[in-house]
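Visitor: Have a look at this one before I ask anything.
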Amino acid sequence: IVACFLYRRLQNTKVKAAALPVSAFFASMVNTCLVLLGIFIFFKDTYAEVKNVASSAMAAILMGQLSVNGVLEAIVAVVIVSVVGGVIIKMQKRKN
């Protein structure tokens with residue numbers, strides 16, 4: 001949903017070329033944030049036990065995962081979506 005609304009919003013601006021990478025980045029980050037938030041809310045103690053750390057340290061651990069893994073995941077999403085999305089857009093323009 002985030003990707004769709006952000007992409008459509010950016011298509012109507014001067015930064016039309018950035019619509020795919022920007023929407024990919026933010027959609028990936030929203031997904032990662034929601035997953036980590038869900039882990040924190042619903043599985044904090046179980047996850048802490050599996051990681052063999054104190055339950056009180058889970059917020060810091062999950063923030064660390066967000067800042068490292070989340071950003072790397074978002075960068076990969078930007079590259080893949082830019083390439084694949086660009087090809088799909090060109091193919092759609094050729095059909096029309």
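Identifiers in the structure tokens: chain A, B, ... in order shown; residue index from 1 per chain; ligand index from 1 in order shown.
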Taking the DSSP assignment computed from this structure's backbone, write out as a PDB file with N, CA, C and O atoms, in the first residue's frame all residues of chain A that belong to alpha helix (DSSP H).
Guide:
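Full text of selection.pdb as output:
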```pdb
ATOM      1  N   VAL A   2       1.926   1.236   0.807  1.00  0.00           N
ATOM      2  CA  VAL A   2       2.835   2.382   0.879  1.00  0.00           C
ATOM      3  C   VAL A   2       3.477   2.630  -0.477  1.00  0.00           C
ATOM      4  O   VAL A   2       3.519   3.762  -0.961  1.00  0.00           O
ATOM      5  N   ALA A   3       3.946   1.566  -1.106  1.00  0.00           N
ATOM      6  CA  ALA A   3       4.615   1.705  -2.397  1.00  0.00           C
ATOM      7  C   ALA A   3       3.668   2.278  -3.442  1.00  0.00           C
ATOM      8  O   ALA A   3       4.040   3.176  -4.206  1.00  0.00           O
ATOM      9  N   CYS A   4       2.452   1.777  -3.468  1.00  0.00           N
ATOM     10  CA  CYS A   4       1.475   2.231  -4.462  1.00  0.00           C
ATOM     11  C   CYS A   4       1.142   3.714  -4.291  1.00  0.00           C
ATOM     12  O   CYS A   4       1.215   4.484  -5.258  1.00  0.00           O
ATOM     13  N   PHE A   5       0.794   4.109  -3.086  1.00  0.00           N
ATOM     14  CA  PHE A   5       0.411   5.503  -2.859  1.00  0.00           C
ATOM     15  C   PHE A   5       1.580   6.463  -3.071  1.00  0.00           C
ATOM     16  O   PHE A   5       1.426   7.520  -3.667  1.00  0.00           O
ATOM     17  N   LEU A   6       2.746   6.079  -2.602  1.00  0.00           N
ATOM     18  CA  LEU A   6       3.910   6.943  -2.766  1.00  0.00           C
ATOM     19  C   LEU A   6       4.306   7.051  -4.240  1.00  0.00           C
ATOM     20  O   LEU A   6       4.619   8.138  -4.730  1.00  0.00           O
ATOM     21  N   TYR A   7       4.273   5.941  -4.954  1.00  0.00           N
ATOM     22  CA  TYR A   7       4.611   5.952  -6.382  1.00  0.00           C
ATOM     23  C   TYR A   7       3.640   6.842  -7.152  1.00  0.00           C
ATOM     24  O   TYR A   7       4.062   7.677  -7.949  1.00  0.00           O
ATOM     25  N   ARG A   8       2.357   6.671  -6.905  1.00  0.00           N
ATOM     26  CA  ARG A   8       1.361   7.494  -7.608  1.00  0.00           C
ATOM     27  C   ARG A   8       1.506   8.974  -7.267  1.00  0.00           C
ATOM     28  O   ARG A   8       1.343   9.829  -8.124  1.00  0.00           O
ATOM     29  N   ARG A   9       1.816   9.247  -6.020  1.00  0.00           N
ATOM     30  CA  ARG A   9       1.984  10.643  -5.592  1.00  0.00           C
ATOM     31  C   ARG A   9       3.193  11.274  -6.289  1.00  0.00           C
ATOM     32  O   ARG A   9       3.138  12.412  -6.752  1.00  0.00           O
ATOM     33  N   LEU A  10       4.295  10.528  -6.371  1.00  0.00           N
ATOM     34  CA  LEU A  10       5.513  11.062  -6.983  1.00  0.00           C
ATOM     35  C   LEU A  10       5.403  11.157  -8.500  1.00  0.00           C
ATOM     36  O   LEU A  10       6.122  11.935  -9.122  1.00  0.00           O
ATOM     37  N   GLN A  11       4.541  10.385  -9.107  1.00  0.00           N
ATOM     38  CA  GLN A  11       4.347  10.449 -10.554  1.00  0.00           C
ATOM     39  C   GLN A  11       3.791  11.806 -10.982  1.00  0.00           C
ATOM     40  O   GLN A  11       3.957  12.207 -12.124  1.00  0.00           O
ATOM     41  N   ALA A  19      10.350   8.163  -8.659  1.00  0.00           N
ATOM     42  CA  ALA A  19       9.166   7.515  -8.092  1.00  0.00           C
ATOM     43  C   ALA A  19       9.414   6.053  -7.736  1.00  0.00           C
ATOM     44  O   ALA A  19       9.050   5.607  -6.643  1.00  0.00           O
ATOM     45  N   LEU A  20      10.031   5.304  -8.636  1.00  0.00           N
ATOM     46  CA  LEU A  20      10.288   3.890  -8.353  1.00  0.00           C
ATOM     47  C   LEU A  20      11.267   3.687  -7.200  1.00  0.00           C
ATOM     48  O   LEU A  20      10.947   2.971  -6.243  1.00  0.00           O
ATOM     49  N   PRO A  21      12.466   4.275  -7.248  1.00  0.00           N
ATOM     50  CA  PRO A  21      13.396   4.009  -6.148  1.00  0.00           C
ATOM     51  C   PRO A  21      12.933   4.540  -4.792  1.00  0.00           C
ATOM     52  O   PRO A  21      13.123   3.867  -3.771  1.00  0.00           O
ATOM     53  N   VAL A  22      12.316   5.695  -4.765  1.00  0.00           N
ATOM     54  CA  VAL A  22      11.860   6.258  -3.487  1.00  0.00           C
ATOM     55  C   VAL A  22      10.737   5.408  -2.894  1.00  0.00           C
ATOM     56  O   VAL A  22      10.749   5.086  -1.698  1.00  0.00           O
ATOM     57  N   SER A  23       9.782   5.010  -3.719  1.00  0.00           N
ATOM     58  CA  SER A  23       8.690   4.180  -3.205  1.00  0.00           C
ATOM     59  C   SER A  23       9.203   2.811  -2.772  1.00  0.00           C
ATOM     60  O   SER A  23       8.735   2.257  -1.769  1.00  0.00           O
ATOM     61  N   ALA A  24      10.187   2.259  -3.472  1.00  0.00           N
ATOM     62  CA  ALA A  24      10.774   0.968  -3.076  1.00  0.00           C
ATOM     63  C   ALA A  24      11.475   1.091  -1.732  1.00  0.00           C
ATOM     64  O   ALA A  24      11.337   0.219  -0.861  1.00  0.00           O
ATOM     65  N   PHE A  25      12.235   2.153  -1.545  1.00  0.00           N
ATOM     66  CA  PHE A  25      12.959   2.349  -0.287  1.00  0.00           C
ATOM     67  C   PHE A  25      11.996   2.448   0.888  1.00  0.00           C
ATOM     68  O   PHE A  25      12.144   1.746   1.887  1.00  0.00           O
ATOM     69  N   PHE A  26      11.000   3.310   0.767  1.00  0.00           N
ATOM     70  CA  PHE A  26      10.091   3.508   1.887  1.00  0.00           C
ATOM     71  C   PHE A  26       9.196   2.307   2.130  1.00  0.00           C
ATOM     72  O   PHE A  26       8.887   1.978   3.278  1.00  0.00           O
ATOM     73  N   ALA A  27       8.775   1.608   1.084  1.00  0.00           N
ATOM     74  CA  ALA A  27       7.965   0.403   1.276  1.00  0.00           C
ATOM     75  C   ALA A  27       8.763  -0.673   2.003  1.00  0.00           C
ATOM     76  O   ALA A  27       8.251  -1.336   2.907  1.00  0.00           O
ATOM     77  N   SER A  28      10.018  -0.826   1.638  1.00  0.00           N
ATOM     78  CA  SER A  28      10.872  -1.804   2.305  1.00  0.00           C
ATOM     79  C   SER A  28      11.092  -1.435   3.766  1.00  0.00           C
ATOM     80  O   SER A  28      11.041  -2.301   4.656  1.00  0.00           O
ATOM     81  N   MET A  29      11.331  -0.167   4.036  1.00  0.00           N
ATOM     82  CA  MET A  29      11.551   0.260   5.422  1.00  0.00           C
ATOM     83  C   MET A  29      10.283   0.114   6.265  1.00  0.00           C
ATOM     84  O   MET A  29      10.361  -0.292   7.431  1.00  0.00           O
ATOM     85  N   VAL A  30       9.126   0.422   5.701  1.00  0.00           N
ATOM     86  CA  VAL A  30       7.871   0.260   6.444  1.00  0.00           C
ATOM     87  C   VAL A  30       7.659  -1.215   6.770  1.00  0.00           C
ATOM     88  O   VAL A  30       7.292  -1.569   7.897  1.00  0.00           O
ATOM     89  N   ASN A  31       7.904  -2.093   5.793  1.00  0.00           N
ATOM     90  CA  ASN A  31       7.762  -3.524   6.028  1.00  0.00           C
ATOM     91  C   ASN A  31       8.696  -3.987   7.148  1.00  0.00           C
ATOM     92  O   ASN A  31       8.277  -4.690   8.072  1.00  0.00           O
ATOM     93  N   THR A  32       9.947  -3.602   7.080  1.00  0.00           N
ATOM     94  CA  THR A  32      10.921  -4.012   8.088  1.00  0.00           C
ATOM     95  C   THR A  32      10.544  -3.478   9.467  1.00  0.00           C
ATOM     96  O   THR A  32      10.615  -4.201  10.463  1.00  0.00           O
ATOM     97  N   CYS A  33      10.132  -2.230   9.532  1.00  0.00           N
ATOM     98  CA  CYS A  33       9.721  -1.640  10.819  1.00  0.00           C
ATOM     99  C   CYS A  33       8.526  -2.374  11.416  1.00  0.00           C
ATOM    100  O   CYS A  33       8.501  -2.654  12.617  1.00  0.00           O
ATOM    101  N   LEU A  34       7.551  -2.702  10.582  1.00  0.00           N
ATOM    102  CA  LEU A  34       6.363  -3.389  11.097  1.00  0.00           C
ATOM    103  C   LEU A  34       6.694  -4.809  11.563  1.00  0.00           C
ATOM    104  O   LEU A  34       6.167  -5.268  12.578  1.00  0.00           O
ATOM    105  N   VAL A  35       7.558  -5.506  10.833  1.00  0.00           N
ATOM    106  CA  VAL A  35       7.959  -6.852  11.259  1.00  0.00           C
ATOM    107  C   VAL A  35       8.699  -6.790  12.589  1.00  0.00           C
ATOM    108  O   VAL A  35       8.403  -7.561  13.517  1.00  0.00           O
ATOM    109  N   LEU A  36       9.657  -5.886  12.715  1.00  0.00           N
ATOM    110  CA  LEU A  36      10.408  -5.779  13.960  1.00  0.00           C
ATOM    111  C   LEU A  36       9.526  -5.312  15.111  1.00  0.00           C
ATOM    112  O   LEU A  36       9.693  -5.764  16.247  1.00  0.00           O
ATOM    113  N   LEU A  37       8.586  -4.432  14.836  1.00  0.00           N
ATOM    114  CA  LEU A  37       7.638  -4.004  15.866  1.00  0.00           C
ATOM    115  C   LEU A  37       6.773  -5.181  16.310  1.00  0.00           C
ATOM    116  O   LEU A  37       6.505  -5.351  17.507  1.00  0.00           O
ATOM    117  N   GLY A  38       6.344  -5.989  15.360  1.00  0.00           N
ATOM    118  CA  GLY A  38       5.561  -7.175  15.693  1.00  0.00           C
ATOM    119  C   GLY A  38       6.347  -8.152  16.543  1.00  0.00           C
ATOM    120  O   GLY A  38       5.816  -8.739  17.496  1.00  0.00           O
ATOM    121  N   ILE A  39       7.619  -8.344  16.206  1.00  0.00           N
ATOM    122  CA  ILE A  39       8.481  -9.203  17.026  1.00  0.00           C
ATOM    123  C   ILE A  39       8.577  -8.646  18.441  1.00  0.00           C
ATOM    124  O   ILE A  39       8.478  -9.389  19.414  1.00  0.00           O
ATOM    125  N   PHE A  40       8.766  -7.342  18.542  1.00  0.00           N
ATOM    126  CA  PHE A  40       8.915  -6.716  19.858  1.00  0.00           C
ATOM    127  C   PHE A  40       7.637  -6.841  20.690  1.00  0.00           C
ATOM    128  O   PHE A  40       7.677  -7.153  21.872  1.00  0.00           O
ATOM    129  N   ILE A  41       6.497  -6.614  20.067  1.00  0.00           N
ATOM    130  CA  ILE A  41       5.233  -6.630  20.802  1.00  0.00           C
ATOM    131  C   ILE A  41       4.795  -8.052  21.170  1.00  0.00           C
ATOM    132  O   ILE A  41       4.410  -8.314  22.300  1.00  0.00           O
ATOM    133  N   PHE A  42       4.870  -8.962  20.214  1.00  0.00           N
ATOM    134  CA  PHE A  42       4.290 -10.284  20.421  1.00  0.00           C
ATOM    135  C   PHE A  42       5.285 -11.368  20.851  1.00  0.00           C
ATOM    136  O   PHE A  42       4.899 -12.341  21.490  1.00  0.00           O
ATOM    137  N   PHE A  43       6.544 -11.249  20.452  1.00  0.00           N
ATOM    138  CA  PHE A  43       7.495 -12.329  20.680  1.00  0.00           C
ATOM    139  C   PHE A  43       8.782 -11.879  21.360  1.00  0.00           C
ATOM    140  O   PHE A  43       9.813 -12.532  21.221  1.00  0.00           O
ATOM    141  N   LYS A  44       8.742 -10.775  22.074  1.00  0.00           N
ATOM    142  CA  LYS A  44       9.957 -10.211  22.659  1.00  0.00           C
ATOM    143  C   LYS A  44      10.682 -11.216  23.550  1.00  0.00           C
ATOM    144  O   LYS A  44      11.879 -11.435  23.394  1.00  0.00           O
ATOM    145  N   ASP A  45       9.972 -11.829  24.456  1.00  0.00           N
ATOM    146  CA  ASP A  45      10.610 -12.748  25.403  1.00  0.00           C
ATOM    147  C   ASP A  45      11.124 -14.007  24.704  1.00  0.00           C
ATOM    148  O   ASP A  45      12.237 -14.466  24.973  1.00  0.00           O
ATOM    149  N   THR A  46      10.330 -14.549  23.802  1.00  0.00           N
ATOM    150  CA  THR A  46      10.754 -15.745  23.068  1.00  0.00           C
ATOM    151  C   THR A  46      11.958 -15.448  22.196  1.00  0.00           C
ATOM    152  O   THR A  46      12.911 -16.231  22.147  1.00  0.00           O
ATOM    153  N   TYR A  47      11.937 -14.319  21.524  1.00  0.00           N
ATOM    154  CA  TYR A  47      13.051 -13.927  20.651  1.00  0.00           C
ATOM    155  C   TYR A  47      14.311 -13.675  21.473  1.00  0.00           C
ATOM    156  O   TYR A  47      15.409 -14.053  21.057  1.00  0.00           O
ATOM    157  N   ALA A  48      14.154 -13.076  22.635  1.00  0.00           N
ATOM    158  CA  ALA A  48      15.296 -12.833  23.513  1.00  0.00           C
ATOM    159  C   ALA A  48      15.889 -14.150  23.996  1.00  0.00           C
ATOM    160  O   ALA A  48      17.114 -14.304  24.068  1.00  0.00           O
ATOM    161  N   GLU A  49      15.033 -15.098  24.295  1.00  0.00           N
ATOM    162  CA  GLU A  49      15.504 -16.416  24.735  1.00  0.00           C
ATOM    163  C   GLU A  49      16.268 -17.134  23.622  1.00  0.00           C
ATOM    164  O   GLU A  49      17.324 -17.718  23.870  1.00  0.00           O
ATOM    165  N   VAL A  50      15.759 -17.058  22.405  1.00  0.00           N
ATOM    166  CA  VAL A  50      16.436 -17.694  21.262  1.00  0.00           C
ATOM    167  C   VAL A  50      17.776 -17.015  21.001  1.00  0.00           C
ATOM    168  O   VAL A  50      18.774 -17.687  20.700  1.00  0.00           O
ATOM    169  N   LYS A  51      17.818 -15.699  21.112  1.00  0.00           N
ATOM    170  CA  LYS A  51      19.060 -14.951  20.893  1.00  0.00           C
ATOM    171  C   LYS A  51      20.006 -15.019  22.093  1.00  0.00           C
ATOM    172  O   LYS A  51      21.127 -14.542  22.022  1.00  0.00           O
ATOM    173  N   MET A  58      16.054  -6.137  24.148  1.00  0.00           N
ATOM    174  CA  MET A  58      15.462  -6.401  22.834  1.00  0.00           C
ATOM    175  C   MET A  58      15.228  -5.140  22.010  1.00  0.00           C
ATOM    176  O   MET A  58      15.389  -5.168  20.796  1.00  0.00           O
ATOM    177  N   ALA A  59      14.848  -4.046  22.629  1.00  0.00           N
ATOM    178  CA  ALA A  59      14.625  -2.812  21.867  1.00  0.00           C
ATOM    179  C   ALA A  59      15.902  -2.378  21.166  1.00  0.00           C
ATOM    180  O   ALA A  59      15.889  -2.038  19.983  1.00  0.00           O
ATOM    181  N   ALA A  60      17.016  -2.420  21.874  1.00  0.00           N
ATOM    182  CA  ALA A  60      18.297  -2.027  21.278  1.00  0.00           C
ATOM    183  C   ALA A  60      18.721  -2.993  20.189  1.00  0.00           C
ATOM    184  O   ALA A  60      19.232  -2.576  19.136  1.00  0.00           O
ATOM    185  N   ILE A  61      18.500  -4.275  20.401  1.00  0.00           N
ATOM    186  CA  ILE A  61      18.874  -5.277  19.397  1.00  0.00           C
ATOM    187  C   ILE A  61      18.049  -5.104  18.129  1.00  0.00           C
ATOM    188  O   ILE A  61      18.584  -5.123  17.019  1.00  0.00           O
ATOM    189  N   LEU A  62      16.754  -4.918  18.290  1.00  0.00           N
ATOM    190  CA  LEU A  62      15.891  -4.747  17.115  1.00  0.00           C
ATOM    191  C   LEU A  62      16.187  -3.436  16.389  1.00  0.00           C
ATOM    192  O   LEU A  62      16.126  -3.378  15.156  1.00  0.00           O
ATOM    193  N   MET A  63      16.530  -2.384  17.113  1.00  0.00           N
ATOM    194  CA  MET A  63      16.913  -1.123  16.464  1.00  0.00           C
ATOM    195  C   MET A  63      18.219  -1.305  15.686  1.00  0.00           C
ATOM    196  O   MET A  63      18.396  -0.729  14.612  1.00  0.00           O
ATOM    197  N   GLY A  64      19.119  -2.089  16.234  1.00  0.00           N
ATOM    198  CA  GLY A  64      20.357  -2.389  15.515  1.00  0.00           C
ATOM    199  C   GLY A  64      20.087  -3.158  14.240  1.00  0.00           C
ATOM    200  O   GLY A  64      20.680  -2.881  13.197  1.00  0.00           O
ATOM    201  N   GLN A  65      19.169  -4.117  14.317  1.00  0.00           N
ATOM    202  CA  GLN A  65      18.800  -4.864  13.118  1.00  0.00           C
ATOM    203  C   GLN A  65      18.143  -3.954  12.087  1.00  0.00           C
ATOM    204  O   GLN A  65      18.381  -4.088  10.893  1.00  0.00           O
ATOM    205  N   VAL A  71      18.309  -1.139   6.369  1.00  0.00           N
ATOM    206  CA  VAL A  71      18.833  -0.216   5.354  1.00  0.00           C
ATOM    207  C   VAL A  71      19.421  -0.993   4.175  1.00  0.00           C
ATOM    208  O   VAL A  71      19.198  -0.632   3.015  1.00  0.00           O
ATOM    209  N   LEU A  72      20.137  -2.069   4.457  1.00  0.00           N
ATOM    210  CA  LEU A  72      20.683  -2.886   3.365  1.00  0.00           C
ATOM    211  C   LEU A  72      19.559  -3.500   2.526  1.00  0.00           C
ATOM    212  O   LEU A  72      19.639  -3.525   1.293  1.00  0.00           O
ATOM    213  N   GLU A  73      18.533  -3.980   3.185  1.00  0.00           N
ATOM    214  CA  GLU A  73      17.378  -4.537   2.481  1.00  0.00           C
ATOM    215  C   GLU A  73      16.709  -3.478   1.605  1.00  0.00           C
ATOM    216  O   GLU A  73      16.307  -3.746   0.470  1.00  0.00           O
ATOM    217  N   ALA A  74      16.597  -2.271   2.122  1.00  0.00           N
ATOM    218  CA  ALA A  74      15.978  -1.189   1.360  1.00  0.00           C
ATOM    219  C   ALA A  74      16.816  -0.815   0.138  1.00  0.00           C
ATOM    220  O   ALA A  74      16.273  -0.536  -0.932  1.00  0.00           O
ATOM    221  N   ILE A  75      18.125  -0.839   0.281  1.00  0.00           N
ATOM    222  CA  ILE A  75      19.004  -0.527  -0.855  1.00  0.00           C
ATOM    223  C   ILE A  75      18.858  -1.584  -1.938  1.00  0.00           C
ATOM    224  O   ILE A  75      18.773  -1.263  -3.134  1.00  0.00           O
ATOM    225  N   VAL A  76      18.809  -2.849  -1.532  1.00  0.00           N
ATOM    226  CA  VAL A  76      18.611  -3.929  -2.507  1.00  0.00           C
ATOM    227  C   VAL A  76      17.253  -3.776  -3.187  1.00  0.00           C
ATOM    228  O   VAL A  76      17.130  -3.968  -4.402  1.00  0.00           O
ATOM    229  N   ALA A  77      16.232  -3.415  -2.414  1.00  0.00           N
ATOM    230  CA  ALA A  77      14.898  -3.205  -2.986  1.00  0.00           C
ATOM    231  C   ALA A  77      14.910  -2.082  -4.012  1.00  0.00           C
ATOM    232  O   ALA A  77      14.275  -2.191  -5.067  1.00  0.00           O
ATOM    233  N   VAL A  78      15.635  -1.018  -3.733  1.00  0.00           N
ATOM    234  CA  VAL A  78      15.736   0.111  -4.675  1.00  0.00           C
ATOM    235  C   VAL A  78      16.340  -0.363  -5.990  1.00  0.00           C
ATOM    236  O   VAL A  78      15.828  -0.052  -7.071  1.00  0.00           O
ATOM    237  N   VAL A  79      17.412  -1.127  -5.916  1.00  0.00           N
ATOM    238  CA  VAL A  79      18.083  -1.603  -7.136  1.00  0.00           C
ATOM    239  C   VAL A  79      17.158  -2.526  -7.925  1.00  0.00           C
ATOM    240  O   VAL A  79      16.967  -2.347  -9.136  1.00  0.00           O
ATOM    241  N   ILE A  80      16.584  -3.512  -7.253  1.00  0.00           N
ATOM    242  CA  ILE A  80      15.737  -4.482  -7.954  1.00  0.00           C
ATOM    243  C   ILE A  80      14.492  -3.830  -8.534  1.00  0.00           C
ATOM    244  O   ILE A  80      14.144  -4.056  -9.699  1.00  0.00           O
ATOM    245  N   VAL A  81      13.819  -3.014  -7.752  1.00  0.00           N
ATOM    246  CA  VAL A  81      12.592  -2.371  -8.230  1.00  0.00           C
ATOM    247  C   VAL A  81      12.889  -1.393  -9.358  1.00  0.00           C
ATOM    248  O   VAL A  81      12.126  -1.307 -10.325  1.00  0.00           O
ATOM    249  N   SER A  82      13.996  -0.689  -9.281  1.00  0.00           N
ATOM    250  CA  SER A  82      14.349   0.251 -10.354  1.00  0.00           C
ATOM    251  C   SER A  82      14.579  -0.487 -11.668  1.00  0.00           C
ATOM    252  O   SER A  82      14.103  -0.053 -12.718  1.00  0.00           O
ATOM    253  N   VAL A  83      15.289  -1.597 -11.602  1.00  0.00           N
ATOM    254  CA  VAL A  83      15.584  -2.354 -12.825  1.00  0.00           C
ATOM    255  C   VAL A  83      14.331  -3.045 -13.352  1.00  0.00           C
ATOM    256  O   VAL A  83      13.946  -2.855 -14.507  1.00  0.00           O
ATOM    257  N   VAL A  84      13.698  -3.841 -12.513  1.00  0.00           N
ATOM    258  CA  VAL A  84      12.530  -4.609 -12.957  1.00  0.00           C
ATOM    259  C   VAL A  84      11.356  -3.685 -13.282  1.00  0.00           C
ATOM    260  O   VAL A  84      10.687  -3.846 -14.306  1.00  0.00           O
ATOM    261  N   GLY A  85      11.110  -2.719 -12.420  1.00  0.00           N
ATOM    262  CA  GLY A  85      10.021  -1.778 -12.673  1.00  0.00           C
ATOM    263  C   GLY A  85      10.231  -0.959 -13.931  1.00  0.00           C
ATOM    264  O   GLY A  85       9.293  -0.705 -14.679  1.00  0.00           O
ATOM    265  N   GLY A  86      11.483  -0.553 -14.179  1.00  0.00           N
ATOM    266  CA  GLY A  86      11.783   0.187 -15.405  1.00  0.00           C
ATOM    267  C   GLY A  86      11.495  -0.628 -16.653  1.00  0.00           C
ATOM    268  O   GLY A  86      10.943  -0.116 -17.632  1.00  0.00           O
ATOM    269  N   VAL A  87      11.854  -1.896 -16.621  1.00  0.00           N
ATOM    270  CA  VAL A  87      11.586  -2.780 -17.762  1.00  0.00           C
ATOM    271  C   VAL A  87      10.091  -2.960 -17.960  1.00  0.00           C
ATOM    272  O   VAL A  87       9.588  -2.903 -19.092  1.00  0.00           O
ATOM    273  N   ILE A  88       9.363  -3.171 -16.877  1.00  0.00           N
ATOM    274  CA  ILE A  88       7.911  -3.360 -16.986  1.00  0.00           C
ATOM    275  C   ILE A  88       7.235  -2.105 -17.521  1.00  0.00           C
ATOM    276  O   ILE A  88       6.337  -2.185 -18.377  1.00  0.00           O
ATOM    277  N   ILE A  89       7.660  -0.944 -17.061  1.00  0.00           N
ATOM    278  CA  ILE A  89       7.071   0.307 -17.557  1.00  0.00           C
ATOM    279  C   ILE A  89       7.343   0.481 -19.051  1.00  0.00           C
ATOM    280  O   ILE A  89       6.458   0.867 -19.813  1.00  0.00           O
ATOM    281  N   LYS A  90       8.564   0.175 -19.490  1.00  0.00           N
ATOM    282  CA  LYS A  90       8.887   0.272 -20.920  1.00  0.00           C
ATOM    283  C   LYS A  90       8.058  -0.707 -21.732  1.00  0.00           C
ATOM    284  O   LYS A  90       7.606  -0.374 -22.833  1.00  0.00           O
ATOM    285  N   MET A  91       7.848  -1.912 -21.228  1.00  0.00           N
ATOM    286  CA  MET A  91       7.039  -2.901 -21.941  1.00  0.00           C
ATOM    287  C   MET A  91       5.590  -2.445 -22.051  1.00  0.00           C
ATOM    288  O   MET A  91       4.951  -2.636 -23.089  1.00  0.00           O
ATOM    289  N   GLN A  92       5.058  -1.830 -21.002  1.00  0.00           N
ATOM    290  CA  GLN A  92       3.689  -1.341 -21.039  1.00  0.00           C
ATOM    291  C   GLN A  92       3.534  -0.201 -22.032  1.00  0.00           C
ATOM    292  O   GLN A  92       2.516  -0.095 -22.717  1.00  0.00           O
ATOM    293  N   LYS A  93       4.542   0.658 -22.136  1.00  0.00           N
ATOM    294  CA  LYS A  93       4.482   1.768 -23.089  1.00  0.00           C
ATOM    295  C   LYS A  93       4.518   1.261 -24.516  1.00  0.00           C
ATOM    296  O   LYS A  93       3.899   1.842 -25.398  1.00  0.00           O
ATOM    297  N   ARG A  94       5.257   0.194 -24.782  1.00  0.00           N
ATOM    298  CA  ARG A  94       5.321  -0.374 -26.130  1.00  0.00           C
ATOM    299  C   ARG A  94       3.990  -0.977 -26.546  1.00  0.00           C
ATOM    300  O   ARG A  94       3.631  -0.956 -27.713  1.00  0.00           O
ATOM    301  N   LYS A  95       3.254  -1.551 -25.596  1.00  0.00           N
ATOM    302  CA  LYS A  95       1.942  -2.151 -25.917  1.00  0.00           C
ATOM    303  C   LYS A  95       0.935  -1.081 -26.278  1.00  0.00           C
ATOM    304  O   LYS A  95       0.043  -1.303 -27.074  1.00  0.00           O
TER     305      LYS A  95
END
```
Visitor: One decimal, in Å: what's the spacing between atom CA of A:Ala57 and atom CA of A:Gly70?
Guide: 18.7 Å
